[in-house]
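Quick look at data.txt (compact mmCIF, C-alpha atoms):
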# COMPACT_ATOMS: atom_id res chain seq x y z
CA MET V 1 -4.52 16.05 26.58
CA SER V 2 -1.78 15.63 29.19
CA ASP V 3 -3.72 12.92 31.06
CA MET V 4 -4.07 10.69 27.98
CA ASP V 5 -1.90 7.60 27.55
CA GLY V 6 0.29 6.92 24.54
CA TRP V 7 -2.19 4.81 22.58
CA THR V 8 -4.99 7.35 23.01
CA ARG V 9 -2.78 10.13 21.75
CA LEU V 10 -1.61 7.99 18.85
CA ALA V 11 -5.24 7.43 17.88
CA THR V 12 -6.67 10.88 18.55
CA ALA V 13 -4.01 13.60 18.83
CA PRO V 14 -4.50 16.62 16.53
CA ALA V 15 -2.30 17.66 13.63
CA VAL V 16 -2.87 21.01 11.89
CA ALA V 17 -0.59 22.45 9.18
CA ARG V 18 0.16 26.05 10.12
CA ARG V 19 3.21 27.29 8.26
CA VAL V 20 5.57 26.74 5.32
CA ARG V 21 8.98 28.26 5.81
CA ARG V 22 12.63 27.58 5.16
CA ALA V 23 14.12 25.05 7.54
CA GLY V 24 16.64 27.54 8.85
CA ASP V 25 13.76 29.74 10.04
CA VAL V 26 12.14 26.83 11.88
CA THR V 27 15.05 25.22 13.74
CA ASP V 28 18.60 26.01 14.77
CA ALA V 29 19.45 22.34 14.20
CA VAL V 30 20.44 23.28 10.65
CA GLY V 31 22.95 25.89 9.64
CA PRO V 32 26.20 26.33 7.70
CA ARG V 33 27.45 22.81 6.98
CA ARG V 34 24.94 21.43 9.51
CA PHE V 35 22.20 19.30 7.98
CA LEU V 36 19.64 16.72 9.04
CA HIS V 37 19.17 13.22 7.62
CA ALA V 38 16.55 10.47 7.77
CA GLY V 39 16.65 7.47 10.06
CA PRO V 40 18.53 6.74 13.27
CA PRO V 41 21.96 8.31 13.89
CA LEU V 42 24.80 7.30 11.60
CA GLY V 43 28.40 8.28 10.99
CA GLN V 44 29.53 10.17 7.93
CA ASP V 45 31.46 7.12 6.71
CA ASP V 46 28.22 5.12 6.78
CA LEU V 47 26.32 7.33 4.32
CA VAL V 48 24.70 5.18 1.63
CA GLY V 49 24.94 6.36 -1.97
CA PRO V 50 21.64 8.27 -2.25
CA MET V 51 22.13 9.95 1.12
CA ARG V 52 25.64 11.02 0.14
CA GLY V 53 24.27 12.36 -3.14
CA ALA V 54 21.63 14.35 -1.27
CA VAL V 55 24.21 15.85 1.11
CA LEU V 56 26.41 16.87 -1.83
CA GLY V 57 23.45 18.50 -3.54
CA ALA V 58 22.52 20.33 -0.34
CA LEU V 59 26.06 21.72 -0.02
CA VAL V 60 25.80 23.18 -3.52
CA LEU V 61 22.27 24.47 -2.85
CA GLU V 62 23.48 26.28 0.26
CA GLY V 63 26.45 27.83 -1.53
CA GLU V 64 28.89 25.91 0.64
CA ALA V 65 30.42 24.40 -2.52
CA GLY V 66 30.57 25.57 -6.11
CA ASP V 67 29.90 22.17 -7.61
CA LEU V 68 29.51 18.54 -6.64
CA ARG V 69 33.26 17.90 -6.78
CA GLU V 70 33.93 20.65 -4.25
CA ALA V 71 31.02 19.38 -2.19
CA ALA V 72 32.57 15.90 -2.10
CA GLU V 73 35.90 17.29 -0.94
CA LEU V 74 34.15 19.27 1.77
CA LEU V 75 32.16 16.27 2.98
CA ASP V 76 35.18 13.98 2.94
CA SER V 77 37.19 16.52 4.95
CA GLY V 78 34.85 15.98 7.91
CA GLU V 79 33.62 19.58 7.97
CA VAL V 80 29.94 18.69 7.58
CA THR V 81 27.84 17.86 10.65
CA LEU V 82 24.85 15.53 10.24
CA ALA V 83 22.09 14.72 12.74
CA PRO V 84 18.86 12.72 12.53
CA CYS V 85 15.70 14.58 11.55
CA HIS V 86 13.90 13.03 14.51
CA SER V 87 16.30 14.71 16.95
CA ALA V 88 15.11 18.10 15.66
CA GLY V 89 11.36 17.45 15.61
CA ALA V 90 11.44 16.67 11.91
CA VAL V 91 10.94 13.87 9.42
CA GLY V 92 12.42 13.55 5.95
CA ALA V 93 11.39 11.29 3.10
CA MET V 94 13.99 8.82 1.76
CA ALA V 95 17.45 10.40 2.33
CA GLY V 96 15.66 13.07 4.34
CA VAL V 97 18.49 15.58 4.01
CA VAL V 98 17.39 19.00 5.28
CA SER V 99 19.46 22.14 4.87
CA PRO V 100 18.64 25.74 5.87
CA ARG V 101 17.21 26.92 2.54
CA MET V 102 14.89 23.98 2.01
CA PRO V 103 11.16 24.71 2.42
CA VAL V 104 9.35 22.74 5.09
CA VAL V 105 5.73 22.43 6.24
CA GLU V 106 5.23 22.85 9.99
CA VAL V 107 2.38 20.98 11.68
CA GLU V 108 1.03 21.79 15.13
CA GLY V 109 -0.10 19.00 17.40
CA ALA V 110 -1.06 18.37 21.02
CA ASP V 111 -0.08 20.96 23.65
CA GLY V 112 1.20 23.33 20.95
CA LYS V 113 4.09 21.06 19.98
CA THR V 114 5.19 21.14 16.33
CA ALA V 115 6.96 18.97 13.76
CA PHE V 116 8.09 19.67 10.23
CA ALA V 117 8.92 17.92 6.97
CA PRO V 118 10.51 19.14 3.71
CA LEU V 119 8.04 19.90 0.93
CA ASN V 120 7.89 17.09 -1.60
CA GLU V 121 9.83 17.70 -4.82
CA GLY V 122 7.98 15.18 -6.98
CA LEU V 123 8.73 11.67 -8.19
CA GLY V 124 11.82 10.36 -9.97
CA GLU V 125 14.82 12.68 -10.10
CA ALA V 126 14.78 14.38 -6.69
CA LEU V 127 17.26 15.22 -3.95
CA ARG V 128 15.59 12.84 -1.49
CA PHE V 129 16.45 9.97 -3.86
CA GLY V 130 20.06 11.12 -4.12
CA ALA V 131 19.79 13.07 -7.39
CA SER V 132 21.61 16.41 -7.33
CA GLY V 133 21.77 17.73 -10.89
CA PRO V 134 21.01 21.32 -12.00
CA ARG V 135 17.29 20.66 -12.50
CA VAL V 136 16.96 19.26 -8.99
CA LEU V 137 18.73 22.21 -7.37
CA ASP V 138 16.92 24.81 -9.51
CA ARG V 139 13.61 23.29 -8.45
CA LEU V 140 14.60 23.45 -4.78
CA ARG V 141 15.67 27.08 -5.14
CA TRP V 142 12.29 27.96 -6.67
CA MET V 143 10.49 26.03 -3.94
CA GLY V 144 12.32 27.96 -1.22
CA GLU V 145 12.14 31.39 -2.82
CA VAL V 146 8.70 31.35 -4.47
CA LEU V 147 6.59 28.37 -3.42
CA ALA V 148 7.22 28.54 0.34
CA PRO V 149 6.16 32.17 0.99
CA VAL V 150 2.99 31.79 -1.09
CA LEU V 151 2.00 28.59 0.70
CA ASP V 152 2.80 30.13 4.08
CA ASP V 153 0.49 33.07 3.38
CA ALA V 154 -2.18 30.77 1.96
CA LEU V 155 -2.15 28.54 5.06
CA ALA V 156 -2.49 31.62 7.25
CA ALA V 157 -5.40 32.82 5.12
CA VAL V 158 -7.33 29.56 5.64
CA ASP V 159 -6.33 29.35 9.33
CA GLY V 160 -4.38 26.15 8.75
CA ILE V 161 -5.38 22.72 7.44
CA ASP V 162 -6.49 19.89 9.70
CA VAL V 163 -4.15 17.22 8.35
CA ALA V 164 -5.60 14.38 10.43
CA ALA V 165 -9.06 15.15 9.02
CA ALA V 166 -7.57 15.33 5.52
CA GLN V 167 -5.95 11.92 6.03
CA ALA V 168 -9.27 10.45 7.12
CA GLU V 169 -10.94 11.89 4.02
CA GLY V 170 -8.09 10.61 1.87
CA LEU V 171 -8.86 7.04 2.94
CA ARG V 172 -12.45 7.55 1.82
CA ARG V 173 -11.21 8.74 -1.57
CA GLY V 174 -8.77 5.96 -2.37
CA ASP V 175 -5.50 7.02 -0.74
CA GLU V 176 -3.54 5.36 2.05
CA CYS V 177 -1.64 8.64 2.69
CA HIS V 178 1.87 7.25 2.29
CA ASN V 179 2.65 5.96 -1.19
CA ARG V 180 -0.69 7.05 -2.63
CA ASN V 181 -1.72 10.67 -2.07
CA VAL V 182 -3.52 11.47 -5.32
CA ALA V 183 -6.92 12.35 -3.85
CA SER V 184 -5.44 14.01 -0.77
CA THR V 185 -3.23 16.21 -2.94
CA ALA V 186 -6.21 17.21 -5.07
CA ALA V 187 -8.16 18.11 -1.93
CA LEU V 188 -5.20 20.10 -0.60
CA VAL V 189 -4.95 22.08 -3.83
CA ALA V 190 -8.70 22.73 -3.87
CA ARG V 191 -8.59 23.99 -0.29
CA LEU V 192 -5.63 26.31 -0.88
CA ALA V 193 -6.31 27.48 -4.44
CA PRO V 194 -8.50 30.53 -3.66
CA ALA V 195 -6.05 31.71 -1.02
CA VAL V 196 -3.07 31.13 -3.32
CA VAL V 197 -4.70 33.30 -6.00
CA ARG V 198 -5.32 36.05 -3.47
CA VAL V 199 -1.92 36.07 -1.74
CA ALA V 200 0.45 35.41 -4.68
CA PRO V 201 2.27 38.50 -5.96
CA ASP V 202 0.88 37.98 -9.49
CA THR V 203 -1.23 35.56 -11.51
CA GLU V 204 1.77 33.86 -13.09
CA THR V 205 3.18 33.00 -9.67
CA ALA V 206 -0.22 31.73 -8.50
CA ALA V 207 -0.50 29.57 -11.62
CA ALA V 208 3.03 28.20 -11.17
CA VAL V 209 2.37 27.30 -7.52
CA LEU V 210 -0.91 25.54 -8.27
CA GLU V 211 0.56 23.80 -11.30
CA PHE V 212 3.45 22.47 -9.22
CA LEU V 213 1.24 21.23 -6.39
CA SER V 214 -1.36 19.63 -8.63
CA GLY V 215 1.26 18.12 -10.93
CA ASN V 216 2.92 16.24 -8.07
CA PRO V 217 0.72 13.41 -6.73
CA HIS V 218 2.82 13.34 -3.56
CA SER V 219 2.41 17.00 -2.57
CA PHE V 220 0.31 15.90 0.40
CA LEU V 221 2.92 13.40 1.63
CA SER V 222 4.97 16.04 3.45
CA PHE V 223 1.84 17.11 5.36
CA SER V 224 1.03 13.48 6.16
CA MET V 225 4.55 12.73 7.39
CA ALA V 226 4.76 15.82 9.60
CA ALA V 227 1.37 14.91 11.07
CA GLY V 228 2.65 11.40 11.80
CA LYS V 229 5.68 12.86 13.56
CA VAL V 230 3.78 15.28 15.77
CA ILE V 231 1.22 12.60 16.68
CA GLY V 232 3.94 10.01 17.36
CA ASP V 233 5.84 12.47 19.54
CA ALA V 234 2.69 13.20 21.53
CA ALA V 235 2.17 9.48 22.10
CA HIS V 236 5.77 8.97 23.19
CA ALA V 237 5.62 11.86 25.63
CA ALA V 238 2.41 10.52 27.14
CA GLY V 239 3.91 7.11 27.85
CA GLY V 240 1.41 4.75 29.44
CA ALA V 241 1.74 1.00 28.98
CA PRO V 242 5.32 0.33 27.78
CA GLY V 243 6.01 -1.31 24.43
CA LEU V 244 4.13 1.03 22.10
CA VAL V 245 6.02 1.84 18.88
CA THR V 246 5.96 5.60 18.37
CA ALA V 247 8.44 5.92 15.48
CA VAL V 248 9.93 3.81 12.71
CA CYS V 249 12.71 5.07 10.45
CA ALA V 250 15.71 3.92 8.39
CA ASN V 251 18.87 5.37 6.88
CA GLY V 252 19.85 2.73 4.32
CA ARG V 253 22.22 1.06 6.80
CA ARG V 254 20.09 0.70 9.91
CA MET V 255 16.41 0.84 10.72
CA GLY V 256 15.28 2.17 14.07
CA LEU V 257 12.36 1.82 16.45
CA ARG V 258 11.36 4.23 19.17
CA VAL V 259 9.35 2.43 21.86
CA THR V 260 7.67 3.72 25.02
CA GLY V 261 9.55 2.56 28.09
CA VAL V 262 12.86 2.13 26.22
CA ASP V 263 15.54 4.81 26.03
CA GLY V 264 16.97 5.75 22.63
CA TRP V 265 16.64 3.95 19.32
CA ILE V 266 16.55 0.20 18.94
CA THR V 267 18.22 -0.62 15.64
CA ALA V 268 18.81 -3.49 13.20
CA PRO V 269 20.15 -3.74 9.64
CA ALA V 270 17.88 -1.93 7.19
CA PRO V 271 15.78 -4.42 5.19
CA LEU V 272 15.52 -4.36 1.41
CA GLY V 273 11.90 -5.45 1.05
CA GLN V 274 10.23 -6.43 -2.20
CA PRO V 275 10.57 -3.50 -4.61
CA LYS V 276 8.51 -3.27 -7.76
CA LEU V 277 11.24 -1.83 -9.97
CA PHE V 278 11.00 0.64 -12.79
CA SER V 279 11.99 -0.64 -16.23
CA GLY V 280 15.73 -1.15 -16.66
CA PHE V 281 16.59 -1.69 -12.97
CA THR V 282 17.28 -4.85 -10.97
CA ALA V 283 17.06 -5.67 -7.27
CA GLU V 284 20.82 -5.13 -7.01
CA ASP V 285 20.26 -1.48 -7.91
CA ALA V 286 17.96 -0.75 -4.96
CA CYS V 287 19.20 0.72 -1.70
CA PRO V 288 17.81 -0.89 1.50
CA ALA V 289 15.02 0.90 3.39
CA MET V 290 15.59 4.58 3.95
CA GLY V 291 13.48 7.44 5.24
CA ASP V 292 11.19 8.72 7.99
CA SER V 293 7.93 8.39 6.05
CA PHE V 294 7.13 5.21 7.99
CA MET V 295 5.61 7.57 10.56
CA THR V 296 2.44 7.16 8.51
CA GLU V 297 2.28 3.45 9.35
CA THR V 298 3.03 4.30 12.96
CA ILE V 299 -0.27 6.21 13.21
CA GLY V 300 -2.33 3.64 11.27
CA LEU V 301 -1.91 4.72 7.65
CA GLY V 302 0.22 3.52 4.74
CA ALA V 303 0.40 -0.27 4.61
CA PHE V 304 -1.89 -0.42 7.66
CA ALA V 305 -4.59 1.18 5.49
CA LEU V 306 -3.72 -0.57 2.25
CA THR V 307 -7.27 -1.74 1.47
CA ALA V 308 -8.31 1.90 1.11
CA ALA V 309 -6.11 2.28 -1.97
CA PRO V 310 -6.63 -0.57 -4.46
CA ALA V 311 -5.04 1.49 -7.23
CA ILE V 312 -1.71 1.44 -5.41
CA SER V 313 -1.15 -2.15 -6.53
CA SER V 314 -0.01 -0.75 -9.88
CA PHE V 315 2.75 1.15 -8.06
CA ILE V 316 3.93 -1.25 -5.35
CA GLY V 317 2.61 -4.57 -6.69
CA GLY V 318 0.23 -7.04 -5.06
CA THR V 319 -3.53 -7.57 -5.20
CA HIS V 320 -6.51 -6.37 -3.24
CA GLU V 321 -6.87 -9.81 -1.67
CA GLU V 322 -3.27 -9.62 -0.47
CA ALA V 323 -3.94 -6.15 0.92
CA VAL V 324 -6.92 -7.47 2.90
CA ALA V 325 -4.76 -10.23 4.36
CA LEU V 326 -1.97 -7.78 5.19
CA VAL V 327 -4.24 -5.34 7.03
CA GLY V 328 -5.79 -8.27 8.88
CA ALA V 329 -2.34 -9.40 10.01
CA MET V 330 -1.47 -5.88 11.17
CA ARG V 331 -4.58 -5.90 13.37
CA GLN V 332 -3.04 -8.77 15.32
CA ILE V 333 -0.02 -6.69 16.37
CA CYS V 334 -1.75 -3.40 17.23
CA ARG V 335 -3.31 -2.31 20.51
CA GLY V 336 -6.51 -1.09 18.94
CA THR V 337 -8.52 0.25 16.03
CA SER V 338 -8.70 3.84 14.88
CA GLU V 339 -12.00 5.68 15.20
CA ARG V 340 -10.96 8.43 12.76
CA PHE V 341 -9.13 6.51 10.02
CA LEU V 342 -11.80 4.27 8.48
CA LEU V 343 -11.53 1.78 5.60
CA PRO V 344 -14.49 1.84 3.18
CA ALA V 345 -13.53 -1.50 1.62
CA ASP V 346 -13.59 -3.11 5.08
CA GLY V 347 -17.08 -1.96 5.96
CA PHE V 348 -15.68 1.28 7.38
CA ALA V 349 -13.75 -0.56 10.07
CA GLY V 350 -10.96 1.52 11.59
CA THR V 351 -7.36 0.97 10.62
CA PRO V 352 -5.14 -0.97 13.02
CA VAL V 353 -3.12 1.49 15.11
CA GLY V 354 -0.59 1.20 17.90
CA ILE V 355 2.10 -1.37 17.07
CA ASP V 356 2.92 -3.26 20.28
CA VAL V 357 6.29 -4.99 20.55
CA HIS V 358 4.80 -7.62 22.85
CA LEU V 359 2.14 -8.54 20.29
CA VAL V 360 4.74 -8.61 17.50
CA CYS V 361 6.90 -11.02 19.49
CA ARG V 362 3.97 -13.16 20.66
CA THR V 363 2.50 -13.61 17.16
CA GLY V 364 5.75 -13.63 15.19
CA ILE V 365 4.19 -11.12 12.79
CA ALA V 366 6.48 -8.22 11.94
CA PRO V 367 5.00 -4.95 10.63
CA VAL V 368 4.89 -4.36 6.88
CA LEU V 369 5.48 -0.91 5.44
CA ASN V 370 5.23 0.44 1.92
CA ASN V 371 8.01 2.62 0.64
CA GLY V 372 9.96 3.98 -2.29
CA PHE V 373 13.41 2.75 -3.29
CA ALA V 374 16.39 4.81 -4.36
CA HIS V 375 19.31 3.63 -6.46
CA ARG V 376 22.30 2.48 -4.41
CA ASP V 377 24.52 4.97 -6.24
CA PRO V 378 24.28 8.73 -5.76
CA GLY V 379 22.87 10.98 -8.46
CA ILE V 380 20.48 8.50 -10.12
CA GLY V 381 17.23 8.74 -8.13
CA GLN V 382 14.22 6.54 -7.62
CA VAL V 383 14.19 3.00 -9.02
CA GLY V 384 10.88 1.68 -7.71
CA ALA V 385 8.50 1.16 -4.79
CA GLY V 386 7.10 -1.78 -2.87
CA LEU V 387 6.37 -3.48 0.44
CA THR V 388 8.95 -4.01 3.17
CA ARG V 389 8.55 -6.33 6.13
CA LEU V 390 10.59 -5.24 9.10
CA PRO V 391 12.96 -7.71 10.79
CA MET V 392 11.93 -9.24 14.11
CA ARG V 393 15.26 -8.45 15.75
CA PRO V 394 14.52 -4.90 17.04
CA PHE V 395 11.13 -5.95 18.39
CA LEU V 396 12.70 -8.82 20.30
CA ALA V 397 15.36 -6.44 21.60
CA ALA V 398 12.70 -3.98 22.75
CA ARG V 399 10.77 -6.75 24.53
CA ASP V 400 13.93 -7.92 26.28
CA ALA V 401 14.86 -4.38 27.32
CA LEU V 402 11.42 -3.90 28.84
CA ALA V 403 11.65 -7.25 30.63
CA GLU V 404 14.99 -6.27 32.18
CA ASP V 405 13.30 -3.21 33.63
CA GLY V 406 10.40 -5.30 34.88
CA ARG V 407 7.93 -3.84 32.39
Please lay out the structure from this file as structure tokens.
Amino acid sequence: MSDMDGWTRLATAPAVARRVRRAGDVTDAVGPRRFLHAGPPLGQDDLVGPMRGAVLGALVLEGEAGDLREAAELLDSGEVTLAPCHSAGAVGAMAGVVSPRMPVVEVEGADGKTAFAPLNEGLGEALRFGASGPRVLDRLRWMGEVLAPVLDDALAAVDGIDVAAAQAEGLRRGDECHNRNVASTAALVARLAPAVVRVAPDTETAAAVLEFLSGNPHSFLSFSMAAGKVIGDAAHAAGGAPGLVTAVCANGRRMGLRVTGVDGWITAPAPLGQPKLFSGFTAEDACPAMGDSFMTETIGLGAFALTAAPAISSFIGGTHEEAVALVGAMRQICRGTSERFLLPADGFAGTPVGIDVHLVCRTGIAPVLNNGFAHRDPGIGQVGAGLTRLPMRPFLAARDALAEDGR
């Protein structure tokens, strides 16, 4: 695939889940007091509440601190090193904090390149939303010690899972493979269940693994995100016509774009969006956009496939008519239409794919993403979900940078 341009790779590059292992066994980018985080680079003093909460929880999980108070002292002393997930070939949902013991799914893409994402913990009280209580850490320990090795053996037994094909099937079954993964998770469990039963050390472990996966409607999200990362990386490496967006991410302070033909991240203040809040919370409680899961939109899923998932309106708000209009608007800012990700409600038309900064600037239409929202304060967790329109500023900056280089 080395002779393909960026858009072609974005639209066609493979993504196959091969392994589930602890992060420390996948990359040397994590280690003692060295963790990854979501979004573009940021300083320790810029950590938003939920990201700080996730780092504190990770320090306790790794045995670097005995409790959250000790973890806070350690973090504030400057002895913890943080780097973006994207710099290590990874993506992390929401806070995206990755430490050595956390289980991750590794997806293989074009030319044997790989990317990984932490396994999804479930909704509500989770480390990625900044929660770090005993239940959260106990769950992560079980995921690393029990869930990961069983899933790793099960994936080997089925010779991997074609995630791109699973995403395409998910659209046919009512998912958009970002905020709605109900059908895709069910299909994942069905595919792995026989292998899990065969490779688990005992029936109770097999039952616990399958119960956890099937009980979490976002189990597939980690697979979808890692696929988005490995496909986006393949597109960026291929290059071609400059101005193609190959990554979108945020860290609660800044959002970032990665664009072909432009070095480094182009950033702007992280937007807040329009969260549909859980009962008891207000807009003031929500942290601005955070996470790497926007890789799904980058490859033509998520909000770019919103008409495939009418049931998601109950989670993020809006109507089917609004979803049709949104997808139609996204078509105006993309270089083409996917031939593998098809929308049944749109007469099986392909999803828009390949955000082009020139088209964004020419039309004045900024991309819309769907995402979850964490509480601004650490230790509380998720407060809602919704749609977020990105600011125009980074797209204008990317266009200007390309113009300066004569592109």
ask   = Do you have the atom CA of V:Gly31-atom CA of V:Pro100 distance handy?
value =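 Those two atoms sit 5.7 Å apart.
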task = Please indicate the distance in Å from atom CA of V:Ala183 to atom CA of V:Ala168, rounded to one decimal place.
result =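 Taking atom CA of V:Ala183 as the start and atom CA of V:Ala168 as the end point, the length is 11.4 Å.
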Local residues around (15.2, 22.9, -7.8), at most 12 Å away, using all atoms listed in the file, as a PyMOL selection string = chain V and resi 57-58+60-61+101-103+119-122+125-128+131-147+212
key: Atom-to-atom span, atom CA of V:Asp159 and atom CA of V:Ala110, Å   =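 Spanning atom CA of V:Asp159 to atom CA of V:Ala110 is a straight-line distance of 16.9 Å.
Checking V:Gly124, V:Pro344, V:Gly39, V:Pro118 one by one against V:Pro217, counting only C-alpha atoms, you find the shortest gap at V:Gly124.
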What's the 8 Å shell around V:Leu36, counting all atoms listed in the file, without same-chain residues fewer than 3 positions away, as a PDB file with C-alpha atoms, keeping the file's coordinate frame?
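Listed below is the output, selection.pdb:
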ATOM      1  CA  ALA V  29      19.450  22.340  14.200  1.00  0.00           C
ATOM      2  CA  VAL V  30      20.440  23.280  10.650  1.00  0.00           C
ATOM      3  CA  LEU V  82      24.850  15.530  10.240  1.00  0.00           C
ATOM      4  CA  ALA V  83      22.090  14.720  12.740  1.00  0.00           C
ATOM      5  CA  PRO V  84      18.860  12.720  12.530  1.00  0.00           C
ATOM      6  CA  CYS V  85      15.700  14.580  11.550  1.00  0.00           C
ATOM      7  CA  GLY V  96      15.660  13.070   4.340  1.00  0.00           C
ATOM      8  CA  VAL V  97      18.490  15.580   4.010  1.00  0.00           C
ATOM      9  CA  VAL V  98      17.390  19.000   5.280  1.00  0.00           C
ATOM     10  CA  SER V  99      19.460  22.140   4.870  1.00  0.00           C
TER      11      SER V  99
END
What are the centre and the three edge lengths of an axis-aligned box that wraps all atoms of stretch 68-76 of chain V in the file, given that 4 Å is added to every side, written as lines of an AutoDock Vina configuration file and rounded to one decimal in Å?
center_x = 32.7
center_y = 17.3
center_z = -1.9
size_x = 14.4
size_y = 14.7
size_z = 17.8
Find the nearest atom pair between each residue of stretch 10-91 of chain V and stretch 229-238 of chain V for residues within 10 Å, count only C-alpha atoms, give distances in Å to one decimal, sort rows by chain and ascending number, and present the table as a tab-separated table.
residue	atom	partner	partner_atom	distance
V:Leu10	CA	V:Ala235	CA	5.2
V:Ala11	CA	V:Ile231	CA	8.4
V:Thr12	CA	V:Ile231	CA	8.3
V:Ala13	CA	V:Ile231	CA	5.7
V:Pro14	CA	V:Ile231	CA	7.0
V:Ala15	CA	V:Val230	CA	6.9
V:Val16	CA	V:Val230	CA	9.6
V:His86	CA	V:Lys229	CA	8.3
V:Gly89	CA	V:Lys229	CA	7.6
V:Ala90	CA	V:Lys229	CA	7.1
V:Val91	CA	V:Lys229	CA	6.8
Would you mind exporting C-alpha atoms of the selected residues as a PDB file, in the frame of the given file?
ATOM      1  CA  LEU V  10      -1.610   7.990  18.850  1.00  0.00           C
ATOM      2  CA  ALA V  11      -5.240   7.430  17.880  1.00  0.00           C
ATOM      3  CA  THR V  12      -6.670  10.880  18.550  1.00  0.00           C
ATOM      4  CA  ALA V  13      -4.010  13.600  18.830  1.00  0.00           C
ATOM      5  CA  PRO V  14      -4.500  16.620  16.530  1.00  0.00           C
ATOM      6  CA  ALA V  15      -2.300  17.660  13.630  1.00  0.00           C
ATOM      7  CA  VAL V  16      -2.870  21.010  11.890  1.00  0.00           C
ATOM      8  CA  HIS V  86      13.900  13.030  14.510  1.00  0.00           C
ATOM      9  CA  GLY V  89      11.360  17.450  15.610  1.00  0.00           C
ATOM     10  CA  ALA V  90      11.440  16.670  11.910  1.00  0.00           C
ATOM     11  CA  VAL V  91      10.940  13.870   9.420  1.00  0.00           C
TER      12      VAL V  91
END
Per-residue nearest contacts of stretch 162-227 of chain V to stretch 381-397 of chain V (12 Å; all atoms listed in the file) as a tab-separated table:
residue	atom	partner	partner_atom	distance
V:His178	CA	V:Ala385	CA	11.5
V:Asn179	CA	V:Ala385	CA	8.4
V:Arg180	CA	V:Ala385	CA	11.1
ask   = With distances taken over all atoms listed in the file, which of V:Gln44, V:Ser184, V:Ser313, V:Thr203 is nearest to V:Ile161?
value =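 Of all the options, V:Ser184 lies closest to V:Ile161.
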request  = Kindly indicate which residue among V:Gly109, V:Gly240, V:Gly252, V:Gly264 lies nearest to V:Met94, using only C-alpha atoms for the distances.
outcome  = V:Gly252
task = Please identify all polymer residues within 9 Å of V:Leu213, counting only C-alpha atoms, omitting same-chain residues fewer than 3 positions from it, and present them as a PyMOL selection string.
result = chain V and resi 185-186+188-189+208-210+216-220
Counting all atoms listed in the file, the option among V:Gln274, V:Thr319, V:Asn370, V:Ser338 closest to V:Glu176 =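 Once distances to V:Glu176 are computed over all atoms listed in the file, the minimum belongs to V:Asn370.
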From V:Ile380, V:Pro40, V:Gly350, V:Ala323, residue lying nearest V:Ala311 [all atoms listed in the file] =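 Going through V:Ile380, V:Pro40, V:Gly350, V:Ala323 one by one, the smallest distance to V:Ala311 is for V:Ala323.
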note = With distances taken over only C-alpha atoms, the candidate from V:Ala283, V:Gly318, V:Val262, V:Ala270 nearest V:Asp405 is V:Val262
Closest atom pairs, stretch 244-351 of chain V residues within 12 Å of stretch 47-50 of chain V, all atoms listed in the file, as CSV:
residue,atom,partner,partner_atom,distance
V:Ala250,CA,V:Val48,CA,11.3
V:Asn251,CA,V:Val48,CA,7.8
V:Gly252,CA,V:Val48,CA,6.1
V:Arg253,CA,V:Val48,CA,7.1
V:Arg254,CA,V:Val48,CA,10.5
V:Ala270,CA,V:Val48,CA,11.3
V:Asp285,CA,V:Gly49,CA,10.9
V:Ala286,CA,V:Pro50,CA,10.1
V:Cys287,CA,V:Val48,CA,7.8
V:Pro288,CA,V:Val48,CA,9.2
V:Ala289,CA,V:Val48,CA,10.7
V:Met290,CA,V:Pro50,CA,9.4
V:Gly291,CA,V:Pro50,CA,11.1
request  = Quick one: everything within 7 Å of V:Thr260, counting all atoms listed in the file, minus sequence neighbours fewer than 5 positions away in the same chain. Send it as an MDAnalysis selection string.
outcome  = chainID V and resid 236 239 242:245
Within 12 Å of V:Ala195 using all atoms listed in the file, minus same-chain residues under 2 positions, as a ChimeraX atom specification = /V:150-160,188-193,197-201,206,209-210
